[in-house]
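Next up, upload-v8.csv (CSV, C-alpha atoms):
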```csv
chain,number,residue,atom,x,y,z
J,644,MET,CA,0.0,0.0,0.0
J,645,ILE,CA,2.8,2.4,0.9
J,646,THR,CA,4.5,1.5,-2.4
J,647,PHE,CA,1.3,2.5,-4.1
J,648,THR,CA,1.2,5.9,-2.4
J,649,ILE,CA,4.9,6.5,-3.3
J,650,LEU,CA,4.3,5.6,-6.9
J,651,TYR,CA,1.3,7.9,-7.2
J,652,ALA,CA,3.4,10.7,-5.6
J,653,PHE,CA,6.2,10.2,-8.1
J,654,LEU,CA,3.9,10.1,-11.1
J,655,ILE,CA,2.1,13.3,-10.0
J,656,ILE,CA,5.4,15.1,-9.4
J,657,SER,CA,6.5,14.0,-12.8
J,658,VAL,CA,3.5,15.4,-14.6
J,659,LEU,CA,3.4,18.6,-12.5
J,660,PHE,CA,7.0,19.5,-13.3
J,661,ASN,CA,6.8,18.6,-16.9
J,662,ALA,CA,3.8,20.9,-17.2
J,663,LEU,CA,5.6,23.7,-15.4
J,664,GLY,CA,8.5,23.3,-17.8
J,665,VAL,CA,6.3,23.6,-20.8
J,666,ILE,CA,4.4,26.6,-19.3
J,667,GLY,CA,7.7,28.3,-18.6
J,668,LEU,CA,8.7,27.7,-22.2
J,669,HIS,CA,5.9,30.0,-23.2
J,670,ARG,CA,5.9,32.4,-20.2
J,671,PHE,CA,9.5,33.6,-19.9
J,672,PRO,CA,10.7,36.5,-22.1
J,673,ASP,CA,14.0,35.3,-23.7
J,674,VAL,CA,16.0,32.2,-24.6
J,675,TYR,CA,18.1,32.0,-21.4
J,676,THR,CA,15.2,32.1,-19.0
J,677,ARG,CA,13.3,29.7,-21.2
J,678,LEU,CA,16.3,27.3,-20.9
J,679,HIS,CA,16.0,27.5,-17.1
J,680,ALA,CA,12.4,26.4,-17.2
J,681,ALA,CA,12.8,23.9,-20.1
J,682,THR,CA,15.9,22.0,-18.9
J,683,LYS,CA,15.5,22.0,-15.1
J,684,CYS,CA,11.8,21.3,-14.9
J,685,THR,CA,11.6,18.7,-17.7
J,686,THR,CA,14.8,16.9,-16.5
J,687,PHE,CA,13.4,16.8,-12.9
J,688,GLY,CA,10.0,15.5,-14.2
J,689,THR,CA,11.7,12.8,-16.3
J,690,ILE,CA,13.9,11.7,-13.4
J,691,PHE,CA,10.8,11.2,-11.3
J,692,MET,CA,9.2,9.2,-14.1
J,693,THR,CA,12.2,6.9,-14.2
J,694,PHE,CA,12.1,6.6,-10.4
J,695,ALA,CA,8.5,5.6,-10.6
J,696,VAL,CA,9.3,2.9,-13.2
J,697,ILE,CA,12.2,1.6,-11.1
J,698,VAL,CA,10.0,1.4,-8.0
J,699,TYR,CA,7.2,-0.3,-9.9
J,700,SER,CA,9.4,-2.9,-11.5
J,701,GLY,CA,11.3,-3.5,-8.3
J,702,TYR,CA,8.0,-4.1,-6.5
J,703,MET,CA,6.8,-6.5,-9.2
J,704,TYR,CA,10.2,-8.4,-9.0
J,705,TYR,CA,9.9,-8.6,-5.2
J,706,TRP,CA,6.5,-10.2,-5.4
J,707,ASN,CA,7.2,-12.4,-8.5
J,708,PRO,CA,10.6,-13.9,-7.8
J,709,GLY,CA,12.0,-15.7,-10.9
J,710,GLN,CA,10.3,-13.3,-13.3
J,711,ASP,CA,13.7,-11.9,-14.4
J,712,HIS,CA,12.3,-9.4,-17.0
J,713,TYR,CA,11.1,-7.2,-14.2
J,714,LEU,CA,14.6,-6.8,-12.8
J,715,ASN,CA,16.0,-6.4,-16.3
J,716,MET,CA,13.5,-3.5,-16.8
J,717,ALA,CA,14.6,-1.8,-13.6
J,718,LEU,CA,18.3,-2.0,-14.6
J,719,HIS,CA,17.6,-0.6,-18.1
J,720,THR,CA,15.6,2.3,-16.5
J,721,VAL,CA,18.7,3.1,-14.4
J,722,GLY,CA,20.6,3.3,-17.7
J,723,ALA,CA,18.0,5.7,-19.1
J,724,LEU,CA,18.3,7.8,-15.9
J,725,VAL,CA,22.0,8.1,-16.2
J,726,ALA,CA,21.7,9.0,-19.9
J,727,ILE,CA,19.2,11.8,-19.1
J,728,LEU,CA,21.2,13.1,-16.2
J,729,VAL,CA,24.5,13.4,-18.2
J,730,THR,CA,23.2,14.6,-21.6
J,731,ASN,CA,20.5,17.2,-20.7
J,732,PRO,CA,22.6,19.9,-18.8
J,733,THR,CA,25.3,19.6,-21.4
J,734,GLY,CA,22.8,20.2,-24.2
J,735,ALA,CA,21.4,23.3,-22.4
J,736,HIS,CA,24.9,24.6,-22.0
J,737,ALA,CA,25.6,24.2,-25.7
J,738,ILE,CA,22.4,26.1,-26.7
J,739,ALA,CA,23.1,28.9,-24.2
J,740,ARG,CA,26.7,29.4,-25.5
J,741,ALA,CA,25.5,29.4,-29.1
J,742,ALA,CA,22.8,31.9,-28.3
J,743,HIS,CA,25.3,34.2,-26.7
J,744,LYS,CA,27.7,33.8,-29.7
J,745,VAL,CA,24.9,34.7,-32.1
J,746,GLY,CA,24.5,37.9,-30.2
J,747,ILE,CA,21.2,37.5,-28.4
J,748,LYS,CA,21.2,39.7,-25.3
J,749,PRO,CA,19.6,38.5,-22.1
J,750,LYS,CA,16.4,40.6,-21.7
J,751,PHE,CA,15.9,42.7,-18.6
J,752,ALA,CA,19.5,41.8,-17.5
J,753,VAL,CA,20.9,43.8,-14.6
J,754,ILE,CA,24.5,42.7,-15.3
J,755,ASP,CA,26.3,41.0,-18.2
J,756,GLU,CA,30.0,40.2,-17.4
J,757,LEU,CA,30.5,37.9,-20.4
J,758,GLU,CA,29.7,40.8,-22.7
J,759,LYS,CA,32.2,43.0,-20.8
J,760,LYS,CA,34.9,40.4,-21.3
J,761,GLU,CA,34.2,40.1,-25.1
J,762,ALA,CA,34.2,43.9,-25.5
J,763,LYS,CA,37.8,44.1,-24.1
G,1062,MET,CA,52.4,0.4,-23.0
G,1063,LYS,CA,50.5,3.6,-23.1
G,1064,ARG,CA,48.1,2.4,-25.7
G,1065,SER,CA,47.5,-0.9,-24.0
G,1066,LYS,CA,46.5,0.8,-20.8
G,1067,ALA,CA,44.0,2.9,-22.7
G,1068,PHE,CA,42.8,-0.2,-24.5
G,1069,ILE,CA,42.3,-2.2,-21.3
G,1070,SER,CA,40.4,0.6,-19.5
G,1071,THR,CA,38.1,1.1,-22.5
G,1072,PHE,CA,37.5,-2.6,-22.8
G,1073,LEU,CA,36.6,-3.0,-19.1
G,1074,PHE,CA,34.3,0.0,-19.2
G,1075,ALA,CA,32.5,-1.4,-22.3
G,1076,LEU,CA,32.3,-4.9,-20.8
G,1077,PHE,CA,30.8,-3.4,-17.6
G,1078,VAL,CA,28.1,-1.6,-19.5
G,1079,TYR,CA,27.3,-4.7,-21.5
G,1080,LEU,CA,27.1,-6.9,-18.4
G,1081,PHE,CA,25.0,-4.3,-16.5
G,1082,MET,CA,22.4,-4.1,-19.3
G,1083,THR,CA,22.1,-7.9,-19.9
G,1084,LEU,CA,21.9,-8.8,-16.2
G,1085,ALA,CA,18.8,-10.9,-15.7
G,1086,ALA,CA,17.9,-11.0,-19.4
G,1087,GLY,CA,16.6,-14.5,-20.4
G,1088,GLN,CA,18.8,-17.6,-20.0
G,1089,SER,CA,21.3,-17.9,-17.2
G,1090,MET,CA,24.4,-20.1,-16.7
G,1091,VAL,CA,23.1,-21.6,-13.4
G,1092,GLU,CA,19.4,-22.4,-13.4
G,1093,GLY,CA,17.4,-20.1,-11.2
G,1094,THR,CA,19.9,-17.3,-10.8
G,1095,ILE,CA,20.2,-13.9,-12.6
G,1096,LEU,CA,23.7,-14.5,-13.9
G,1097,TRP,CA,24.6,-14.4,-17.6
G,1098,SER,CA,24.8,-17.4,-20.0
G,1099,ILE,CA,28.0,-18.6,-21.6
G,1100,GLU,CA,26.9,-17.3,-25.0
G,1101,GLU,CA,26.1,-13.9,-23.6
G,1102,LEU,CA,29.6,-13.6,-21.9
G,1103,VAL,CA,31.4,-14.6,-25.2
G,1104,LEU,CA,29.4,-12.1,-27.2
G,1105,GLY,CA,29.9,-9.4,-24.6
G,1106,ILE,CA,33.7,-9.9,-24.5
G,1107,SER,CA,34.0,-9.9,-28.3
G,1108,VAL,CA,31.9,-6.7,-28.6
G,1109,ALA,CA,33.9,-5.0,-25.8
G,1110,LEU,CA,37.2,-6.0,-27.6
G,1111,ILE,CA,36.0,-4.3,-30.8
G,1112,VAL,CA,34.9,-1.2,-28.9
G,1113,GLY,CA,38.2,-1.0,-27.1
G,1114,ALA,CA,40.1,-1.3,-30.3
G,1115,VAL,CA,38.1,1.4,-32.1
G,1116,ALA,CA,37.3,3.9,-29.3
G,1117,SER,CA,40.3,3.8,-26.9
G,1118,SER,CA,42.1,6.6,-28.8
G,1119,ILE,CA,39.0,8.8,-28.5
G,1120,LEU,CA,37.9,8.0,-24.9
G,1121,CYS,CA,41.4,8.1,-23.3
G,1122,ARG,CA,43.2,11.0,-24.8
G,1123,SER,CA,45.2,12.1,-21.8
G,1124,ASP,CA,47.7,10.0,-19.8
G,1125,ASP,CA,45.8,10.6,-16.6
G,1126,TYR,CA,44.4,7.4,-15.1
G,1127,ARG,CA,43.4,8.7,-11.7
G,1128,MET,CA,39.7,7.9,-12.4
G,1129,LEU,CA,40.5,4.2,-12.4
G,1130,ASN,CA,40.7,4.4,-8.6
G,1131,PRO,CA,37.4,3.0,-7.3
G,1132,VAL,CA,37.4,5.3,-4.2
G,1133,ARG,CA,36.7,8.2,-6.6
G,1134,TRP,CA,33.7,6.4,-8.1
G,1135,ILE,CA,32.3,5.8,-4.6
G,1136,ILE,CA,32.7,9.5,-3.7
G,1137,MET,CA,31.0,10.4,-7.0
G,1138,LEU,CA,28.0,8.2,-6.1
G,1139,VAL,CA,27.8,9.8,-2.6
G,1140,TYR,CA,27.9,13.2,-4.3
G,1141,THR,CA,24.6,12.5,-6.0
G,1142,ILE,CA,22.8,12.9,-2.6
G,1143,PRO,CA,23.7,16.5,-1.9
G,1144,LEU,CA,23.2,17.2,-5.6
G,1145,PHE,CA,19.7,15.7,-5.6
G,1146,ILE,CA,18.8,17.8,-2.5
G,1147,GLU,CA,19.9,20.9,-4.3
G,1148,MET,CA,18.0,19.9,-7.4
G,1149,VAL,CA,14.8,19.6,-5.4
G,1150,LYS,CA,15.3,23.1,-4.0
G,1151,ALA,CA,16.1,24.4,-7.5
G,1152,ASN,CA,13.0,23.0,-9.0
G,1153,PHE,CA,10.7,24.5,-6.4
G,1154,ASP,CA,12.5,27.9,-6.9
G,1155,VAL,CA,12.0,27.7,-10.7
G,1156,ALA,CA,8.4,26.6,-10.3
G,1157,TYR,CA,7.8,29.6,-8.1
G,1158,ARG,CA,9.3,31.9,-10.8
G,1159,VAL,CA,7.3,30.3,-13.6
G,1160,ILE,CA,4.1,30.9,-11.7
G,1161,THR,CA,4.8,34.5,-10.5
G,1162,GLY,CA,7.1,35.7,-13.3
G,1163,ASP,CA,9.3,37.4,-10.7
G,1164,ILE,CA,12.8,37.4,-12.3
G,1165,LYS,CA,15.9,39.6,-12.2
G,1166,PRO,CA,18.3,37.9,-14.7
G,1167,GLY,CA,22.0,38.6,-15.4
G,1168,ILE,CA,25.2,36.9,-16.4
G,1169,VAL,CA,27.9,36.8,-13.7
G,1170,LYS,CA,31.4,35.4,-13.6
G,1171,ILE,CA,32.7,32.9,-11.1
G,1172,THR,CA,36.2,31.6,-10.4
G,1173,PRO,CA,35.9,28.1,-8.9
G,1174,ASP,CA,39.7,27.4,-9.0
G,1175,LEU,CA,39.4,23.8,-10.3
G,1176,LYS,CA,42.3,22.5,-12.4
G,1177,THR,CA,41.1,19.5,-14.4
G,1178,ASP,CA,38.7,19.4,-17.3
G,1179,LEU,CA,36.6,16.7,-15.7
G,1180,GLY,CA,36.2,18.8,-12.5
G,1181,VAL,CA,35.1,21.9,-14.6
G,1182,THR,CA,32.6,19.7,-16.6
G,1183,PHE,CA,31.1,18.3,-13.4
G,1184,LEU,CA,30.8,21.7,-11.8
G,1185,ALA,CA,29.2,23.2,-15.0
G,1186,ASN,CA,26.6,20.4,-15.1
G,1187,SER,CA,25.9,20.6,-11.4
G,1188,ILE,CA,25.4,24.4,-11.7
G,1189,THR,CA,23.0,23.9,-14.6
G,1190,LEU,CA,20.9,21.5,-12.6
G,1191,THR,CA,20.7,23.7,-9.4
G,1192,PRO,CA,19.0,26.9,-8.2
G,1193,GLY,CA,18.3,29.4,-10.9
G,1194,THR,CA,21.7,29.1,-12.5
G,1195,LEU,CA,22.8,28.1,-16.0
G,1196,THR,CA,26.3,27.8,-17.3
G,1197,VAL,CA,26.7,29.9,-20.5
G,1198,ASP,CA,30.4,29.9,-21.3
G,1199,VAL,CA,33.7,28.4,-19.9
G,1200,ASP,CA,37.1,30.1,-20.1
G,1201,ASP,CA,39.5,27.2,-20.1
G,1202,GLU,CA,42.8,29.0,-19.5
G,1203,LYS,CA,41.7,31.0,-16.5
G,1204,SER,CA,39.1,28.5,-15.2
G,1205,GLU,CA,36.3,31.0,-15.2
G,1206,LEU,CA,32.7,30.1,-15.7
G,1207,TYR,CA,30.0,32.6,-16.9
G,1208,ILE,CA,26.7,31.8,-15.3
G,1209,HIS,CA,23.2,33.1,-16.3
G,1210,TRP,CA,21.6,33.7,-12.9
G,1211,ILE,CA,17.8,34.1,-12.8
G,1212,ASN,CA,17.8,36.2,-9.6
G,1213,VAL,CA,21.1,38.1,-9.3
G,1214,GLY,CA,22.5,38.4,-5.7
G,1215,ASP,CA,25.8,39.1,-4.0
G,1216,GLU,CA,29.0,37.1,-3.9
G,1217,PRO,CA,28.3,34.8,-7.0
G,1218,THR,CA,31.4,32.5,-6.5
G,1219,GLN,CA,30.5,31.6,-2.9
G,1220,THR,CA,26.7,31.4,-3.4
G,1221,ILE,CA,26.7,29.3,-6.6
G,1222,SER,CA,29.7,27.0,-6.4
G,1223,GLY,CA,30.5,27.0,-2.7
G,1224,ARG,CA,28.6,23.8,-1.9
G,1225,PHE,CA,29.9,21.8,-4.9
G,1226,VAL,CA,33.6,22.7,-5.2
G,1227,PRO,CA,34.8,20.7,-2.1
G,1228,TRP,CA,32.9,17.6,-3.2
G,1229,ILE,CA,34.2,17.8,-6.8
G,1230,ARG,CA,37.8,18.4,-5.6
G,1231,ARG,CA,37.5,15.2,-3.6
G,1232,PHE,CA,36.9,13.0,-6.7
G,1233,ALA,CA,38.0,14.8,-9.8
G,1234,GLU,CA,41.4,16.4,-8.8
O,921,MET,CA,-1.4,-4.2,-8.7
O,922,ASN,CA,-1.6,-3.1,-12.2
O,923,LEU,CA,-0.8,0.6,-13.1
O,924,SER,CA,-1.0,0.3,-16.9
O,925,PHE,CA,-4.0,2.6,-17.1
O,926,GLU,CA,-2.2,5.3,-15.1
O,927,PHE,CA,0.9,5.1,-17.2
O,928,TYR,CA,-1.1,5.4,-20.4
O,929,LEU,CA,-2.9,8.4,-18.9
O,930,ILE,CA,0.5,10.1,-18.1
O,931,VAL,CA,1.8,9.3,-21.6
O,932,GLY,CA,-1.3,11.1,-22.9
O,933,ALA,CA,-0.5,14.1,-20.8
O,934,PHE,CA,3.0,14.1,-22.1
O,935,ILE,CA,1.7,14.0,-25.7
O,936,ILE,CA,-0.4,17.2,-24.9
O,937,PHE,CA,2.8,18.8,-23.5
O,938,ILE,CA,4.7,17.9,-26.7
O,939,ILE,CA,2.0,19.6,-28.8
O,940,ILE,CA,2.2,22.7,-26.7
O,941,SER,CA,6.0,22.7,-27.1
O,942,VAL,CA,5.6,22.4,-30.9
O,943,LEU,CA,3.8,25.7,-30.8
O,944,ARG,CA,6.9,27.3,-29.4
O,945,LEU,CA,8.9,25.5,-32.1
O,946,PHE,CA,6.9,27.4,-34.7
O,947,LEU,CA,6.5,30.7,-32.9
O,948,GLY,CA,10.0,31.1,-31.4
O,949,PRO,CA,11.3,34.4,-32.6
O,950,THR,CA,15.0,33.4,-32.8
O,951,ALA,CA,16.7,30.2,-33.8
O,952,PRO,CA,18.0,29.3,-30.3
O,953,ASP,CA,14.4,29.5,-29.0
O,954,ARG,CA,13.5,26.8,-31.5
O,955,ALA,CA,16.5,24.7,-30.4
O,956,VAL,CA,15.2,25.0,-26.8
O,957,ALA,CA,11.8,23.9,-27.8
O,958,LEU,CA,13.3,20.9,-29.7
O,959,ASP,CA,15.3,20.0,-26.6
O,960,THR,CA,12.2,20.0,-24.4
O,961,ILE,CA,10.3,17.9,-26.9
O,962,ASN,CA,13.2,15.3,-26.9
O,963,THR,CA,13.2,15.1,-23.1
O,964,LEU,CA,9.4,14.6,-23.1
O,965,VAL,CA,9.6,11.9,-25.8
O,966,VAL,CA,12.1,10.0,-23.6
O,967,ALA,CA,9.8,10.3,-20.6
O,968,SER,CA,6.8,9.0,-22.7
O,969,MET,CA,8.9,6.1,-23.9
O,970,VAL,CA,9.8,5.1,-20.4
O,971,GLY,CA,6.2,5.4,-19.4
O,972,LEU,CA,5.1,3.2,-22.3
O,973,GLY,CA,7.7,0.7,-21.4
O,974,ALA,CA,6.2,0.4,-17.9
O,975,ALA,CA,2.6,0.3,-19.2
O,976,THR,CA,3.3,-2.6,-21.6
O,977,TRP,CA,6.2,-4.3,-19.8
O,978,GLU,CA,8.4,-4.2,-22.9
O,979,THR,CA,12.0,-3.5,-22.1
O,980,LEU,CA,12.6,-2.6,-25.7
O,981,PHE,CA,10.9,0.8,-25.1
O,982,ILE,CA,13.5,1.6,-22.4
O,983,ASP,CA,16.4,0.6,-24.7
O,984,ILE,CA,15.1,2.8,-27.5
O,985,ALA,CA,14.6,5.7,-24.9
O,986,ILE,CA,18.3,5.4,-24.0
O,987,VAL,CA,19.4,5.5,-27.6
O,988,TYR,CA,17.0,8.3,-28.4
O,989,ALA,CA,18.3,10.4,-25.4
O,990,ILE,CA,21.9,10.0,-26.7
O,991,LEU,CA,21.1,10.7,-30.3
O,992,SER,CA,19.0,13.8,-29.4
O,993,PHE,CA,21.9,15.0,-27.4
O,994,VAL,CA,24.2,14.7,-30.4
O,995,THR,CA,21.6,16.5,-32.5
O,996,THR,CA,21.4,19.4,-30.0
O,997,LEU,CA,25.2,19.7,-30.0
O,998,PHE,CA,25.2,19.9,-33.8
O,999,ILE,CA,22.5,22.5,-33.9
O,1000,ALA,CA,24.4,24.6,-31.4
O,1001,LYS,CA,27.6,24.2,-33.3
O,1002,TYR,CA,25.8,25.2,-36.5
O,1003,LEU,CA,24.3,28.3,-34.8
O,1004,GLU,CA,27.7,29.4,-33.6
O,1005,GLY,CA,28.8,29.5,-37.2
O,1006,GLY,CA,30.6,26.2,-37.6
O,1007,GLY,CA,34.1,27.8,-37.0
O,1008,ASP,CA,36.8,26.5,-34.6
```
Take the structure from the file and write it as structure tokens.
Amino acid sequence: MITFTILYAFLIISVLFNALGVIGLHRFPDVYTRLHAATKCTTFGTIFMTFAVIVYSGYMYYWNPGQDHYLNMALHTVGALVAILVTNPTGAHAIARAAHKVGIKPKFAVIDELEKKEAK
Amino acid sequence: MKRSKAFISTFLFALFVYLFMTLAAGQSMVEGTILWSIEELVLGISVALIVGAVASSILCRSDDYRMLNPVRWIIMLVYTIPLFIEMVKANFDVAYRVITGDIKPGIVKITPDLKTDLGVTFLANSITLTPGTLTVDVDDEKSELYIHWINVGDEPTQTISGRFVPWIRRFAE
Amino acid sequence: MNLSFEFYLIVGAFIIFIIISVLRLFLGPTAPDRAVALDTINTLVVASMVGLGAATWETLFIDIAIVYAILSFVTTLFIAKYLEGGGD
């Protein structure tokens, strides 16, 4: 029963944060702030989705010993978790760097030290 | 000697990934356990040999093999716990800003004083995943990071990287 | 217990999110905005694949999610490189 509650909590957190990420994508004014919403919230939501799948398949393996495909599924989901955790922030970093090189200014910025450095 | 060390570490890494992904998949060597079958092991070793031969010159470019030390891997695993706590805080912060639209953005410079590429990479990724900060550019020579901060405050170096640098120094330097 | 229905429901929600992100992909005033939208869509597709894997108990979905995550990362890097101007 407690596993059931945890699973529902994970799934609700996952949907909630993915929704926030997508709303932020439309609500924020420029590309940098959009990257904040898009990468952080969707990465977090997807991580909780994988947590939910790991807990679910671990639970099924615990109650059906000998059904190895449940354990195999949990391990593969750990692989997906690592792939998401490593690739997503790096991709965000690449887009932010490209945006700054193209010459897009951060809107409403109070300070921009990178621009000062490039102006030197 | 140099190439063989690179080859062996790439081979072991590829074999580890293969064995991890095929654990508990189908037939096993001993009935009723989750171990691998003989065919699976033979195939895994041959694929890992090919990967080692092709990719060792790309994956192991420097002569630095300090990451082969298992203690560093264990510290790296422990590091995910404070990172995860920071991530939870970060996400509630960003969620608050998505709903209210209360932002004060800017790009600041921090000097974390890390020497290795791996350390800077880890710090940049950790910063991207945590409170309201996003790495925009890295200056390799001076080890400076330029961070887009969604709510600019005082003392950027201490506030943004203070919690991660001691951890990263423990396993990456 | 069987949560297949819940997982299908969540995958449906993710598909709606993907459609909303596609809107930004068309609207986005600058090219990096479109790249951000594409990155978001990729992450959401990976999440839906993991959810479908759990709903149908097919490990194949998870394998494809891993490969999709890595390939989409390479795509994002290439788009970023192209936007920078290809140089260095």
| query | If we count only C-alpha atoms, which residues of chain J reach to within 7 Å of chain O? Please list them as a PyMOL selection string. | reply | chain J and resi 662+665+669+674+678+681-682+685+689+692-693+696+716+719-720+723+726-727+730+734+737-738+741-742+744-745
| task | Find the residue from G:Glu1147, G:Asp1154, G:Asp1215, G:Glu1101 that sits nearest to J:Leu663; use only C-alpha atoms when measuring. | result |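 Ranked by minimum distance to J:Leu663, first place goes to G:Asp1154.
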| query | Restricting the calculation to all atoms listed in the file, which member of G:Thr1189, G:Thr1141, G:Ser1107, G:Asn1130 is positioned closest to chain J? | reply |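 Counting all atoms listed in the file, the residue closest to chain J is G:Thr1189.
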| Which residues, written as a VMD selection string, have at least one atom at most 9 Å from G:Ala1075, with only C-alpha atoms counted and residues fewer than 3 positions away on the same chain left out? | chain G and resid 1070 to 1072 1078 to 1080 1105 to 1106 1108 to 1110 1112 to 1113
Excluding J:Ser700 and its own-chain neighbours fewer than 5 positions away, which residues fall within 7 Å of it when counting all atoms listed in the file? Please give them as an mmCIF file with C-alpha atoms, in the coordinates of the input.
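Output (result-v3.cif):
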```cif
data_model
loop_
_atom_site.group_PDB
_atom_site.id
_atom_site.type_symbol
_atom_site.label_atom_id
_atom_site.label_comp_id
_atom_site.auth_asym_id
_atom_site.auth_seq_id
_atom_site.Cartn_x
_atom_site.Cartn_y
_atom_site.Cartn_z
ATOM 1 C CA TYR J 713 11.100 -7.200 -14.200
ATOM 2 C CA LEU J 714 14.600 -6.800 -12.800
ATOM 3 C CA MET J 716 13.500 -3.500 -16.800
ATOM 4 C CA ALA J 717 14.600 -1.800 -13.600
#
```
| request: Name the residues in contact with G:Thr1161 at a cut-off of 12 Å, using only C-alpha atoms, excluding same-chain residues fewer than 5 positions from it; report them as a ChimeraX atom specification. | output: /J:663,666-667,670-671 /G:1154-1156
| task | Pick out the closest residue to G:Gly1167 from this set: G:Ile1211, G:Ala1114, G:Leu1195, G:Leu1138. Count all atoms listed in the file. | result |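 For G:Gly1167, the nearest of the candidates is G:Ile1211.
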| How far is it from atom CA of J:Asp711 to atom CA of G:Phe1077, in Å with one decimal? | 19.4 Å
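Set the cut-off at 6 Å, count all atoms listed in the file, and the residues of chain G near chain J turn out to be G:Ala1085, G:Ala1086, G:Val1159, G:Pro1166, G:Gly1167, G:Ile1168, G:Val1169, G:Asn1186, G:Thr1189, G:Leu1190, G:Thr1196, G:Val1197, G:Asp1198.
Between atom CA of G:Ile1164 and atom CA of G:Asn1212 the interatomic distance comes to 5.8 Å.
Rounded to one decimal, atom CA of G:Glu1100 and atom CA of G:Cys1121 lie 29.3 Å from each other.
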